[in-house]
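With PDB, N, CA and C atoms and all ligand atoms inside, this is start-v2.pdb:
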ATOM      1  N   MET A 283    -115.458  30.400 -27.166
ATOM      2  CA  MET A 283    -116.382  31.250 -27.912
ATOM      3  C   MET A 283    -116.858  32.393 -27.027
ATOM      4  N   GLU A 284    -117.078  33.526 -27.616
ATOM      5  CA  GLU A 284    -117.587  34.685 -26.889
ATOM      6  C   GLU A 284    -118.836  35.178 -27.602
ATOM      7  N   GLY A 285    -119.679  35.910 -26.922
ATOM      8  CA  GLY A 285    -120.933  36.336 -27.525
ATOM      9  C   GLY A 285    -120.769  37.380 -28.608
ATOM     10  N   HIS A 286    -121.835  37.647 -29.327
ATOM     11  CA  HIS A 286    -121.923  38.724 -30.300
ATOM     12  C   HIS A 286    -120.858  38.660 -31.390
ATOM     13  N   GLY A 287    -120.686  37.469 -31.931
ATOM     14  CA  GLY A 287    -119.853  37.332 -33.121
ATOM     15  C   GLY A 287    -118.353  37.300 -32.886
ATOM     16  N   LYS A 288    -117.902  37.325 -31.627
ATOM     17  CA  LYS A 288    -116.456  37.229 -31.390
ATOM     18  C   LYS A 288    -116.129  35.797 -30.988
ATOM     19  N   PHE A 289    -115.031  35.286 -31.526
ATOM     20  CA  PHE A 289    -114.625  33.941 -31.164
ATOM     21  C   PHE A 289    -113.254  33.967 -30.516
ATOM     22  N   ILE A 290    -113.078  33.143 -29.500
ATOM     23  CA  ILE A 290    -111.730  32.895 -29.011
ATOM     24  C   ILE A 290    -111.430  31.422 -29.233
ATOM     25  N   LYS A 291    -110.168  31.096 -29.423
ATOM     26  CA  LYS A 291    -109.820  29.703 -29.698
ATOM     27  C   LYS A 291    -109.896  28.866 -28.423
ATOM     28  N   ILE A 292    -110.481  27.682 -28.558
ATOM     29  CA  ILE A 292    -110.530  26.753 -27.434
ATOM     30  C   ILE A 292    -109.269  25.889 -27.447
ATOM     31  N   GLY A 293    -108.782  25.589 -28.649
ATOM     32  CA  GLY A 293    -107.597  24.745 -28.776
ATOM     33  C   GLY A 293    -107.954  23.267 -28.868
ATOM     34  N   LYS A 294    -109.218  22.970 -28.956
ATOM     35  CA  LYS A 294    -109.700  21.594 -29.029
ATOM     36  C   LYS A 294    -111.031  21.623 -29.769
ATOM     37  N   SER A 295    -111.390  20.557 -30.451
ATOM     38  CA  SER A 295    -112.660  20.550 -31.182
ATOM     39  C   SER A 295    -113.704  19.668 -30.502
ATOM     40  N   PHE A 296    -114.934  20.141 -30.506
ATOM     41  CA  PHE A 296    -116.044  19.372 -29.943
ATOM     42  C   PHE A 296    -117.186  19.357 -30.951
ATOM     43  N   CYS A 297    -117.974  18.285 -30.915
ATOM     44  CA  CYS A 297    -119.180  18.202 -31.737
ATOM     45  C   CYS A 297    -120.385  18.460 -30.844
ATOM     46  N   VAL A 298    -121.286  19.303 -31.349
ATOM     47  CA  VAL A 298    -122.389  19.823 -30.541
ATOM     48  C   VAL A 298    -123.724  19.330 -31.103
ATOM     49  N   GLY A 299    -124.674  19.086 -30.198
ATOM     50  CA  GLY A 299    -126.060  18.838 -30.570
ATOM     51  C   GLY A 299    -126.925  19.920 -29.944
ATOM     52  N   ILE A 300    -127.937  20.351 -30.662
ATOM     53  CA  ILE A 300    -128.827  21.411 -30.164
ATOM     54  C   ILE A 300    -130.256  20.882 -30.155
ATOM     55  N   VAL A 301    -130.913  20.982 -28.996
ATOM     56  CA  VAL A 301    -132.299  20.526 -28.844
ATOM     57  C   VAL A 301    -133.188  21.733 -28.582
ATOM     58  N   GLY A 302    -134.248  21.878 -29.399
ATOM     59  CA  GLY A 302    -135.147  23.027 -29.271
ATOM     60  C   GLY A 302    -134.625  24.150 -30.146
ATOM     61  N   LEU A 303    -135.338  24.386 -31.249
ATOM     62  CA  LEU A 303    -134.796  25.295 -32.274
ATOM     63  C   LEU A 303    -135.538  26.635 -32.331
ATOM     64  N   GLY A 304    -135.964  27.105 -31.157
ATOM     65  CA  GLY A 304    -136.408  28.496 -31.036
ATOM     66  C   GLY A 304    -135.160  29.305 -30.722
ATOM     67  N   GLU A 305    -134.834  29.417 -29.454
ATOM     68  CA  GLU A 305    -133.565  29.999 -29.023
ATOM     69  C   GLU A 305    -132.394  29.244 -29.655
ATOM     70  N   GLY A 306    -132.551  27.938 -29.792
ATOM     71  CA  GLY A 306    -131.484  27.092 -30.325
ATOM     72  C   GLY A 306    -131.103  27.430 -31.760
ATOM     73  N   LYS A 307    -132.045  28.001 -32.510
ATOM     74  CA  LYS A 307    -131.731  28.404 -33.892
ATOM     75  C   LYS A 307    -130.672  29.515 -33.895
ATOM     76  N   GLY A 308    -130.746  30.394 -32.921
ATOM     77  CA  GLY A 308    -129.737  31.473 -32.806
ATOM     78  C   GLY A 308    -128.355  30.898 -32.540
ATOM     79  N   LEU A 309    -128.315  29.877 -31.683
ATOM     80  CA  LEU A 309    -127.028  29.229 -31.397
ATOM     81  C   LEU A 309    -126.502  28.533 -32.654
ATOM     82  N   LEU A 310    -127.402  27.863 -33.371
ATOM     83  CA  LEU A 310    -127.026  27.183 -34.618
ATOM     84  C   LEU A 310    -126.404  28.184 -35.607
ATOM     85  N   LYS A 311    -127.062  29.321 -35.763
ATOM     86  CA  LYS A 311    -126.528  30.367 -36.663
ATOM     87  C   LYS A 311    -125.182  30.870 -36.155
ATOM     88  N   GLY A 312    -125.102  31.096 -34.847
ATOM     89  CA  GLY A 312    -123.876  31.657 -34.253
ATOM     90  C   GLY A 312    -122.678  30.742 -34.393
ATOM     91  N   LEU A 313    -122.927  29.429 -34.328
ATOM     92  CA  LEU A 313    -121.805  28.483 -34.410
ATOM     93  C   LEU A 313    -121.455  28.109 -35.844
ATOM     94  N   HIS A 314    -122.310  28.521 -36.804
ATOM     95  CA  HIS A 314    -122.082  28.131 -38.202
ATOM     96  C   HIS A 314    -120.702  28.612 -38.678
ATOM     97  N   GLY A 315    -119.902  27.684 -39.138
ATOM     98  CA  GLY A 315    -118.574  28.029 -39.648
ATOM     99  C   GLY A 315    -117.508  28.122 -38.571
ATOM    100  N   TYR A 316    -117.875  27.891 -37.312
ATOM    101  CA  TYR A 316    -116.885  27.943 -36.237
ATOM    102  C   TYR A 316    -116.249  26.561 -36.099
ATOM    103  N   PRO A 317    -114.971  26.423 -36.434
ATOM    104  CA  PRO A 317    -114.397  25.084 -36.583
ATOM    105  C   PRO A 317    -114.269  24.278 -35.290
ATOM    106  N   GLU A 318    -114.150  24.926 -34.159
ATOM    107  CA  GLU A 318    -113.896  24.163 -32.928
ATOM    108  C   GLU A 318    -115.178  23.657 -32.257
ATOM    109  N   LEU A 319    -116.325  24.216 -32.646
ATOM    110  CA  LEU A 319    -117.599  23.717 -32.129
ATOM    111  C   LEU A 319    -118.498  23.442 -33.323
ATOM    112  N   LYS A 320    -118.429  22.214 -33.817
ATOM    113  CA  LYS A 320    -119.198  21.872 -35.016
ATOM    114  C   LYS A 320    -120.553  21.294 -34.611
ATOM    115  N   VAL A 321    -121.625  21.877 -35.150
ATOM    116  CA  VAL A 321    -122.962  21.351 -34.855
ATOM    117  C   VAL A 321    -123.192  20.111 -35.726
ATOM    118  N   MET A 322    -123.230  18.962 -35.067
ATOM    119  CA  MET A 322    -123.399  17.677 -35.774
ATOM    120  C   MET A 322    -124.844  17.240 -35.798
ATOM    121  N   GLY A 323    -125.637  17.700 -34.803
ATOM    122  CA  GLY A 323    -127.014  17.242 -34.734
ATOM    123  C   GLY A 323    -127.942  18.311 -34.201
ATOM    124  N   ILE A 324    -129.169  18.296 -34.724
ATOM    125  CA  ILE A 324    -130.216  19.172 -34.191
ATOM    126  C   ILE A 324    -131.445  18.326 -33.910
ATOM    127  N   CYS A 325    -132.267  18.804 -32.958
ATOM    128  CA  CYS A 325    -133.448  18.033 -32.561
ATOM    129  C   CYS A 325    -134.581  18.989 -32.217
ATOM    130  N   ASP A 326    -135.757  18.693 -32.774
ATOM    131  CA  ASP A 326    -136.951  19.459 -32.429
ATOM    132  C   ASP A 326    -138.165  18.598 -32.772
ATOM    133  N   VAL A 327    -139.239  18.762 -32.004
ATOM    134  CA  VAL A 327    -140.463  18.020 -32.310
ATOM    135  C   VAL A 327    -141.160  18.567 -33.562
ATOM    136  N   ASN A 328    -140.781  19.751 -33.984
ATOM    137  CA  ASN A 328    -141.329  20.358 -35.206
ATOM    138  C   ASN A 328    -140.506  19.858 -36.410
ATOM    139  N   HIS A 329    -141.058  18.856 -37.110
ATOM    140  CA  HIS A 329    -140.309  18.187 -38.188
ATOM    141  C   HIS A 329    -139.935  19.130 -39.320
ATOM    142  N   GLU A 330    -140.877  20.017 -39.681
ATOM    143  CA  GLU A 330    -140.598  20.925 -40.803
ATOM    144  C   GLU A 330    -139.428  21.845 -40.468
ATOM    145  N   LEU A 331    -139.434  22.350 -39.244
ATOM    146  CA  LEU A 331    -138.357  23.257 -38.817
ATOM    147  C   LEU A 331    -137.012  22.548 -38.790
ATOM    148  N   VAL A 332    -136.997  21.354 -38.231
ATOM    149  CA  VAL A 332    -135.728  20.639 -38.103
ATOM    150  C   VAL A 332    -135.183  20.278 -39.494
ATOM    151  N   ASP A 333    -136.077  19.894 -40.421
ATOM    152  CA  ASP A 333    -135.626  19.553 -41.783
ATOM    153  C   ASP A 333    -135.096  20.786 -42.508
ATOM    154  N   GLU A 334    -135.811  21.895 -42.350
ATOM    155  CA  GLU A 334    -135.394  23.143 -43.012
ATOM    156  C   GLU A 334    -134.020  23.599 -42.505
ATOM    157  N   LEU A 335    -133.814  23.548 -41.181
ATOM    158  CA  LEU A 335    -132.535  24.013 -40.620
ATOM    159  C   LEU A 335    -131.400  23.042 -40.915
ATOM    160  N   LYS A 336    -131.724  21.761 -40.992
ATOM    161  CA  LYS A 336    -130.703  20.759 -41.372
ATOM    162  C   LYS A 336    -130.141  21.087 -42.749
ATOM    163  N   ARG A 337    -131.080  21.391 -43.676
ATOM    164  CA  ARG A 337    -130.662  21.727 -45.045
ATOM    165  C   ARG A 337    -129.907  23.048 -45.074
ATOM    166  N   GLN A 338    -130.494  24.070 -44.433
ATOM    167  CA  GLN A 338    -129.925  25.422 -44.497
ATOM    168  C   GLN A 338    -128.503  25.487 -43.942
ATOM    169  N   PHE A 339    -128.284  24.782 -42.802
ATOM    170  CA  PHE A 339    -126.970  24.873 -42.145
ATOM    171  C   PHE A 339    -126.126  23.620 -42.353
ATOM    172  N   ARG A 340    -126.595  22.749 -43.234
ATOM    173  CA  ARG A 340    -125.861  21.516 -43.563
ATOM    174  C   ARG A 340    -125.449  20.743 -42.308
ATOM    175  N   VAL A 341    -126.425  20.516 -41.452
ATOM    176  CA  VAL A 341    -126.176  19.748 -40.225
ATOM    177  C   VAL A 341    -126.286  18.264 -40.578
ATOM    178  N   PRO A 342    -125.301  17.458 -40.196
ATOM    179  CA  PRO A 342    -125.334  16.048 -40.599
ATOM    180  C   PRO A 342    -126.552  15.262 -40.107
ATOM    181  N   TYR A 343    -126.983  15.475 -38.851
ATOM    182  CA  TYR A 343    -128.045  14.629 -38.286
ATOM    183  C   TYR A 343    -129.196  15.470 -37.737
ATOM    184  N   ALA A 344    -130.416  14.992 -37.986
ATOM    185  CA  ALA A 344    -131.602  15.683 -37.469
ATOM    186  C   ALA A 344    -132.502  14.660 -36.777
ATOM    187  N   TYR A 345    -133.065  15.061 -35.648
ATOM    188  CA  TYR A 345    -133.885  14.146 -34.846
ATOM    189  C   TYR A 345    -135.139  14.840 -34.356
ATOM    190  N   ASP A 346    -136.133  14.001 -33.989
ATOM    191  CA  ASP A 346    -137.305  14.548 -33.305
ATOM    192  C   ASP A 346    -137.392  14.029 -31.876
ATOM    193  N   LYS A 347    -136.414  13.207 -31.469
ATOM    194  CA  LYS A 347    -136.382  12.721 -30.078
ATOM    195  C   LYS A 347    -134.982  12.889 -29.511
ATOM    196  N   LEU A 348    -134.919  13.510 -28.344
ATOM    197  CA  LEU A 348    -133.632  13.721 -27.678
ATOM    198  C   LEU A 348    -132.889  12.399 -27.463
ATOM    199  N   GLU A 349    -133.642  11.347 -27.112
ATOM    200  CA  GLU A 349    -133.026  10.043 -26.815
ATOM    201  C   GLU A 349    -132.150   9.567 -27.977
ATOM    202  N   ASP A 350    -132.602   9.816 -29.197
ATOM    203  CA  ASP A 350    -131.844   9.352 -30.364
ATOM    204  C   ASP A 350    -130.538  10.124 -30.509
ATOM    205  N   MET A 351    -130.565  11.402 -30.166
ATOM    206  CA  MET A 351    -129.339  12.202 -30.245
ATOM    207  C   MET A 351    -128.356  11.805 -29.138
ATOM    208  N   VAL A 352    -128.889  11.564 -27.945
ATOM    209  CA  VAL A 352    -128.041  11.199 -26.803
ATOM    210  C   VAL A 352    -127.288   9.896 -27.079
ATOM    211  N   ASN A 353    -127.895   9.011 -27.864
ATOM    212  CA  ASN A 353    -127.271   7.718 -28.129
ATOM    213  C   ASN A 353    -126.090   7.793 -29.087
ATOM    214  N   ARG A 354    -125.837   8.933 -29.689
ATOM    215  CA  ARG A 354    -124.681   9.064 -30.586
ATOM    216  C   ARG A 354    -123.421   9.227 -29.741
ATOM    217  N   ASP A 355    -122.339   8.577 -30.151
ATOM    218  CA  ASP A 355    -121.105   8.785 -29.385
ATOM    219  C   ASP A 355    -120.188   9.808 -30.054
ATOM    220  N   ASP A 356    -120.622  10.384 -31.184
ATOM    221  CA  ASP A 356    -119.810  11.422 -31.840
ATOM    222  C   ASP A 356    -120.373  12.825 -31.573
ATOM    223  N   ILE A 357    -121.282  12.947 -30.611
ATOM    224  CA  ILE A 357    -121.729  14.271 -30.175
ATOM    225  C   ILE A 357    -121.311  14.422 -28.717
ATOM    226  N   HIS A 358    -120.475  15.420 -28.455
ATOM    227  CA  HIS A 358    -119.866  15.550 -27.123
ATOM    228  C   HIS A 358    -120.650  16.467 -26.186
ATOM    229  N   ILE A 359    -121.317  17.460 -26.754
ATOM    230  CA  ILE A 359    -122.012  18.465 -25.938
ATOM    231  C   ILE A 359    -123.436  18.587 -26.479
ATOM    232  N   ILE A 360    -124.439  18.524 -25.591
ATOM    233  CA  ILE A 360    -125.823  18.755 -26.023
ATOM    234  C   ILE A 360    -126.375  19.966 -25.285
ATOM    235  N   VAL A 361    -126.839  20.937 -26.063
ATOM    236  CA  VAL A 361    -127.409  22.161 -25.502
ATOM    237  C   VAL A 361    -128.934  22.038 -25.570
ATOM    238  N   ILE A 362    -129.591  22.142 -24.417
ATOM    239  CA  ILE A 362    -131.047  21.974 -24.359
ATOM    240  C   ILE A 362    -131.720  23.338 -24.273
ATOM    241  N   ASN A 363    -132.582  23.615 -25.255
ATOM    242  CA  ASN A 363    -133.288  24.908 -25.344
ATOM    243  C   ASN A 363    -134.790  24.684 -25.450
ATOM    244  N   THR A 364    -135.300  23.666 -24.775
ATOM    245  CA  THR A 364    -136.744  23.420 -24.833
ATOM    246  C   THR A 364    -137.441  24.274 -23.776
ATOM    247  N   PRO A 365    -138.723  24.526 -23.950
ATOM    248  CA  PRO A 365    -139.423  25.400 -22.999
ATOM    249  C   PRO A 365    -139.514  24.783 -21.609
ATOM    250  N   ASP A 366    -139.596  25.659 -20.606
ATOM    251  CA  ASP A 366    -139.832  25.206 -19.231
ATOM    252  C   ASP A 366    -141.230  24.613 -19.161
ATOM    253  N   GLN A 367    -141.369  23.559 -18.379
ATOM    254  CA  GLN A 367    -142.669  22.878 -18.277
ATOM    255  C   GLN A 367    -143.475  23.330 -17.064
ATOM    256  N   ILE A 368    -142.909  24.199 -16.260
ATOM    257  CA  ILE A 368    -143.588  24.603 -15.018
ATOM    258  C   ILE A 368    -144.791  25.490 -15.336
ATOM    259  N   THR A 369    -145.927  25.164 -14.741
ATOM    260  CA  THR A 369    -147.101  26.049 -14.878
ATOM    261  C   THR A 369    -147.496  26.520 -13.478
ATOM    262  N   TYR A 370    -147.937  27.742 -13.388
ATOM    263  CA  TYR A 370    -148.288  28.306 -12.073
ATOM    264  C   TYR A 370    -149.778  28.473 -11.941
TER     265      TYR A 370
HETATM  266  N1  LIG A 401    -136.491  33.479 -26.073
HETATM  267  C1  LIG A 401    -135.520  34.003 -25.347
HETATM  268  O1  LIG A 401    -135.162  35.194 -25.438
HETATM  269  C2  LIG A 401    -134.749  33.142 -24.384
HETATM  270  C3  LIG A 401    -133.545  33.613 -23.891
HETATM  271  C4  LIG A 401    -132.802  32.801 -23.032
HETATM  272  C5  LIG A 401    -133.285  31.575 -22.656
HETATM  273  N2  LIG A 401    -134.471  31.141 -23.118
HETATM  274  C6  LIG A 401    -134.925  29.828 -22.676
HETATM  275  O2  LIG A 401    -134.849  28.922 -23.769
HETATM  276  C7  LIG A 401    -135.867  27.941 -23.612
HETATM  277  C8  LIG A 401    -136.688  27.876 -24.889
HETATM  278  O3  LIG A 401    -137.257  29.132 -25.138
HETATM  279  P1  LIG A 401    -137.635  29.584 -26.616
HETATM  280  O4  LIG A 401    -137.963  31.013 -26.527
HETATM  281  O5  LIG A 401    -136.601  29.113 -27.584
HETATM  282  O6  LIG A 401    -138.979  28.716 -26.825
HETATM  283  P2  LIG A 401    -139.728  28.425 -28.221
HETATM  284  O7  LIG A 401    -141.074  27.924 -27.817
HETATM  285  O8  LIG A 401    -139.601  29.571 -29.153
HETATM  286  O9  LIG A 401    -138.896  27.249 -28.882
HETATM  287  C9  LIG A 401    -138.806  25.994 -28.274
HETATM  288  C10 LIG A 401    -138.554  24.943 -29.342
HETATM  289  O10 LIG A 401    -138.414  23.691 -28.663
HETATM  290  C11 LIG A 401    -139.161  22.708 -29.382
HETATM  291  N3  LIG A 401    -139.500  21.651 -28.435
HETATM  292  C12 LIG A 401    -140.438  21.676 -27.450
HETATM  293  N4  LIG A 401    -140.436  20.531 -26.757
HETATM  294  C13 LIG A 401    -139.476  19.743 -27.320
HETATM  295  C14 LIG A 401    -139.008  18.425 -27.036
HETATM  296  N5  LIG A 401    -139.490  17.690 -26.030
HETATM  297  N6  LIG A 401    -138.001  17.937 -27.798
HETATM  298  C15 LIG A 401    -137.489  18.671 -28.817
HETATM  299  N7  LIG A 401    -137.913  19.921 -29.132
HETATM  300  C16 LIG A 401    -138.882  20.456 -28.391
HETATM  301  C17 LIG A 401    -140.347  23.457 -29.963
HETATM  302  O11 LIG A 401    -140.900  22.771 -31.077
HETATM  303  C18 LIG A 401    -139.710  24.801 -30.349
HETATM  304  O12 LIG A 401    -139.186  24.796 -31.669
HETATM  305  C19 LIG A 401    -136.702  28.336 -22.378
HETATM  306  O13 LIG A 401    -136.253  27.580 -21.269
HETATM  307  C20 LIG A 401    -136.372  29.808 -22.218
HETATM  308  O14 LIG A 401    -136.497  30.208 -20.878
HETATM  309  C21 LIG A 401    -135.196  31.878 -23.990
END
Could I get this structure in the form of structure tokens?
Amino acid sequence: MEGHGKFIKIGKSFCVGIVGLGEGKGLLKGLHGYPELKVMGICDVNHELVDELKRQFRVPYAYDKLEDMVNRDDIHIIVINTPDQITY
């Protein structure tokens, strides 16, 4: 995959999970319809957001805890987009 709407073929298919649906929502939109990287799961502590995006993008699985997504064996790649916890 390449940025800004261009795709290159990987030659293999992977199932993706996305955690944190701020920046992660952009990735979800970008991968929509891309056959080699199928978004199988999304996760966010914001239940309304995760439910809305599950419906909108027809994502099979939605979670509010990363641990539950990690336990799936049909998700190969998990992209973490949660905020940094460091405070200065
Ligand atoms: N906004 C940008 O332009 C941008 C660009 C590149 C990278 N990033 C990085 O992406 C990360 C997230 O930034 P953002 O702008 O999307 O933040 P955001 O606050 O807009 O979104 C973060 C999302 O993560 C969810 N979340 C928080 N803790 C969670 C948890 N424990 N489990 C599941 N979901 C959780 C929140 O509910 C929220 O929907 C940061 O590390 C940031 O540095 C942001």
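The shortest atom-to-atom distance to ligand LIG 401 (chain A), with only C-alpha atoms and all ligand atoms taken into account, belongs to A:Met351 out of A:Met351, A:Val321, A:Ile357, A:Leu313.
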Chain A near ligand LIG 401 (chain A) within 6.5 Å: what's each residue's closest atom pair and its distance in Å to one decimal, counting all atoms listed in the file, ordered by chain then ascending residue number, as JSON lines?
{"residue": "A:Val301", "atom": "C", "partner": "A:LIG401", "partner_atom": "N7", "distance": 5.1}
{"residue": "A:Gly302", "atom": "CA", "partner": "A:LIG401", "partner_atom": "O10", "distance": 3.4}
{"residue": "A:Leu303", "atom": "N", "partner": "A:LIG401", "partner_atom": "C10", "distance": 3.8}
{"residue": "A:Gly304", "atom": "C", "partner": "A:LIG401", "partner_atom": "O5", "distance": 3.5}
{"residue": "A:Glu305", "atom": "N", "partner": "A:LIG401", "partner_atom": "O5", "distance": 2.6}
{"residue": "A:Gly306", "atom": "N", "partner": "A:LIG401", "partner_atom": "O5", "distance": 4.8}
{"residue": "A:Cys325", "atom": "C", "partner": "A:LIG401", "partner_atom": "C15", "distance": 4.5}
{"residue": "A:Asp326", "atom": "CA", "partner": "A:LIG401", "partner_atom": "N7", "distance": 3.5}
{"residue": "A:Val327", "atom": "N", "partner": "A:LIG401", "partner_atom": "N7", "distance": 3.4}
{"residue": "A:Asn328", "atom": "N", "partner": "A:LIG401", "partner_atom": "O11", "distance": 4.2}
{"residue": "A:Asp346", "atom": "C", "partner": "A:LIG401", "partner_atom": "C15", "distance": 5.6}
{"residue": "A:Lys347", "atom": "CA", "partner": "A:LIG401", "partner_atom": "N6", "distance": 5.9}
{"residue": "A:Leu348", "atom": "N", "partner": "A:LIG401", "partner_atom": "N6", "distance": 5.4}
{"residue": "A:Ile362", "atom": "C", "partner": "A:LIG401", "partner_atom": "C7", "distance": 6.2}
{"residue": "A:Asn363", "atom": "C", "partner": "A:LIG401", "partner_atom": "C8", "distance": 3.8}
{"residue": "A:Thr364", "atom": "C", "partner": "A:LIG401", "partner_atom": "C8", "distance": 3.8}
{"residue": "A:Pro365", "atom": "N", "partner": "A:LIG401", "partner_atom": "C8", "distance": 4.0}
{"residue": "A:Asp366", "atom": "N", "partner": "A:LIG401", "partner_atom": "O13", "distance": 3.9}
Residues of chain A in helix (DSSP H, G or I), written as a list of chain:residue names: A:Glu305, A:Gly306, A:Lys307, A:Gly308, A:Leu309, A:Leu310, A:Lys311, A:Gly312, A:Leu313, A:His329, A:Glu330, A:Leu331, A:Val332, A:Asp333, A:Glu334, A:Leu335, A:Lys336, A:Arg337, A:Gln338, A:Leu348, A:Glu349, A:Asp350, A:Met351, A:Val352
Restricting the output to N, CA and C atoms, write the selected residues as an mmCIF file, in the coordinates of the input.
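Ended up saving to part.cif:
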data_model
loop_
_atom_site.group_PDB
_atom_site.id
_atom_site.type_symbol
_atom_site.label_atom_id
_atom_site.label_comp_id
_atom_site.auth_asym_id
_atom_site.auth_seq_id
_atom_site.Cartn_x
_atom_site.Cartn_y
_atom_site.Cartn_z
ATOM 1 N N GLU A 305 -134.834 29.417 -29.454
ATOM 2 C CA GLU A 305 -133.565 29.999 -29.023
ATOM 3 C C GLU A 305 -132.394 29.244 -29.655
ATOM 4 N N GLY A 306 -132.551 27.938 -29.792
ATOM 5 C CA GLY A 306 -131.484 27.092 -30.325
ATOM 6 C C GLY A 306 -131.103 27.430 -31.760
ATOM 7 N N LYS A 307 -132.045 28.001 -32.510
ATOM 8 C CA LYS A 307 -131.731 28.404 -33.892
ATOM 9 C C LYS A 307 -130.672 29.515 -33.895
ATOM 10 N N GLY A 308 -130.746 30.394 -32.921
ATOM 11 C CA GLY A 308 -129.737 31.473 -32.806
ATOM 12 C C GLY A 308 -128.355 30.898 -32.540
ATOM 13 N N LEU A 309 -128.315 29.877 -31.683
ATOM 14 C CA LEU A 309 -127.028 29.229 -31.397
ATOM 15 C C LEU A 309 -126.502 28.533 -32.654
ATOM 16 N N LEU A 310 -127.402 27.863 -33.371
ATOM 17 C CA LEU A 310 -127.026 27.183 -34.618
ATOM 18 C C LEU A 310 -126.404 28.184 -35.607
ATOM 19 N N LYS A 311 -127.062 29.321 -35.763
ATOM 20 C CA LYS A 311 -126.528 30.367 -36.663
ATOM 21 C C LYS A 311 -125.182 30.870 -36.155
ATOM 22 N N GLY A 312 -125.102 31.096 -34.847
ATOM 23 C CA GLY A 312 -123.876 31.657 -34.253
ATOM 24 C C GLY A 312 -122.678 30.742 -34.393
ATOM 25 N N LEU A 313 -122.927 29.429 -34.328
ATOM 26 C CA LEU A 313 -121.805 28.483 -34.410
ATOM 27 C C LEU A 313 -121.455 28.109 -35.844
ATOM 28 N N HIS A 329 -141.058 18.856 -37.110
ATOM 29 C CA HIS A 329 -140.309 18.187 -38.188
ATOM 30 C C HIS A 329 -139.935 19.130 -39.320
ATOM 31 N N GLU A 330 -140.877 20.017 -39.681
ATOM 32 C CA GLU A 330 -140.598 20.925 -40.803
ATOM 33 C C GLU A 330 -139.428 21.845 -40.468
ATOM 34 N N LEU A 331 -139.434 22.350 -39.244
ATOM 35 C CA LEU A 331 -138.357 23.257 -38.817
ATOM 36 C C LEU A 331 -137.012 22.548 -38.790
ATOM 37 N N VAL A 332 -136.997 21.354 -38.231
ATOM 38 C CA VAL A 332 -135.728 20.639 -38.103
ATOM 39 C C VAL A 332 -135.183 20.278 -39.494
ATOM 40 N N ASP A 333 -136.077 19.894 -40.421
ATOM 41 C CA ASP A 333 -135.626 19.553 -41.783
ATOM 42 C C ASP A 333 -135.096 20.786 -42.508
ATOM 43 N N GLU A 334 -135.811 21.895 -42.350
ATOM 44 C CA GLU A 334 -135.394 23.143 -43.012
ATOM 45 C C GLU A 334 -134.020 23.599 -42.505
ATOM 46 N N LEU A 335 -133.814 23.548 -41.181
ATOM 47 C CA LEU A 335 -132.535 24.013 -40.620
ATOM 48 C C LEU A 335 -131.400 23.042 -40.915
ATOM 49 N N LYS A 336 -131.724 21.761 -40.992
ATOM 50 C CA LYS A 336 -130.703 20.759 -41.372
ATOM 51 C C LYS A 336 -130.141 21.087 -42.749
ATOM 52 N N ARG A 337 -131.080 21.391 -43.676
ATOM 53 C CA ARG A 337 -130.662 21.727 -45.045
ATOM 54 C C ARG A 337 -129.907 23.048 -45.074
ATOM 55 N N GLN A 338 -130.494 24.070 -44.433
ATOM 56 C CA GLN A 338 -129.925 25.422 -44.497
ATOM 57 C C GLN A 338 -128.503 25.487 -43.942
ATOM 58 N N LEU A 348 -134.919 13.510 -28.344
ATOM 59 C CA LEU A 348 -133.632 13.721 -27.678
ATOM 60 C C LEU A 348 -132.889 12.399 -27.463
ATOM 61 N N GLU A 349 -133.642 11.347 -27.112
ATOM 62 C CA GLU A 349 -133.026 10.043 -26.815
ATOM 63 C C GLU A 349 -132.150 9.567 -27.977
ATOM 64 N N ASP A 350 -132.602 9.816 -29.197
ATOM 65 C CA ASP A 350 -131.844 9.352 -30.364
ATOM 66 C C ASP A 350 -130.538 10.124 -30.509
ATOM 67 N N MET A 351 -130.565 11.402 -30.166
ATOM 68 C CA MET A 351 -129.339 12.202 -30.245
ATOM 69 C C MET A 351 -128.356 11.805 -29.138
ATOM 70 N N VAL A 352 -128.889 11.564 -27.945
ATOM 71 C CA VAL A 352 -128.041 11.199 -26.803
ATOM 72 C C VAL A 352 -127.288 9.896 -27.079
#
Strand (DSSP E or B) positions in chain A, given as a ChimeraX atom specification: /A:296-301,319-325,343-345,359-362
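Among the candidates A:Gly323, A:His329, A:Tyr316, A:Asp356, the one nearest to Val341 of chain A when counting only N, CA and C atoms is A:Gly323.
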| request: Find the distance between atom CA of Ser295 of chain A and atom CA of Glu334 of chain A and write it in Å to one decimal. | output: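 Spanning atom CA of Ser295 of chain A to atom CA of Glu334 of chain A is a straight-line distance of 25.8 Å.
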Grab all the atoms of segment 331-341 of chain A that the file lists, wrap them in a box along x, y and z, add 5 Å per side, and give me centre plus edge lengths in Å (one decimal) as lines of an AutoDock Vina configuration file.
center_x = -132.4
center_y = 21.9
center_z = -41.6
size_x = 24.0
size_y = 17.2
size_z = 17.0
Kindly give the distance, in Å, that separates atom C of Gly308 of chain A and atom CA of Ile324 of chain A, rounded to a single decimal.
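Distance reported for this atom pair: 12.0 Å.
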Original post:
In terms of the shortest atom-to-atom distance over only C-alpha atoms, which of A:Lys307, A:Lys288, A:His314, A:Lys294 is closest to Val332 of chain A?
Top reply: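 Nearest to Val332 of chain A: A:Lys307.
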As a check of understanding: the span from atom C of Ile300 of chain A to atom N of Lys336 of chain A is 11.0 Å
Out of A:Gly293, A:Phe339, A:Tyr345, A:Ile360, which residue has the shortest atom-to-atom distance to Lys311 of chain A when counting all atoms listed in the file?
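Checking each candidate against Lys311 of chain A, we get A:Phe339 as the closest.
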Check your understanding: Smallest atom-to-atom distance to Ile359 of chain A: which of A:Lys291, A:Glu318, A:Arg337, A:Gly299, using only N, CA and C atoms?
Key ->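 Between A:Lys291, A:Glu318, A:Arg337, A:Gly299, the residue approaching Ile359 of chain A most closely is A:Gly299.
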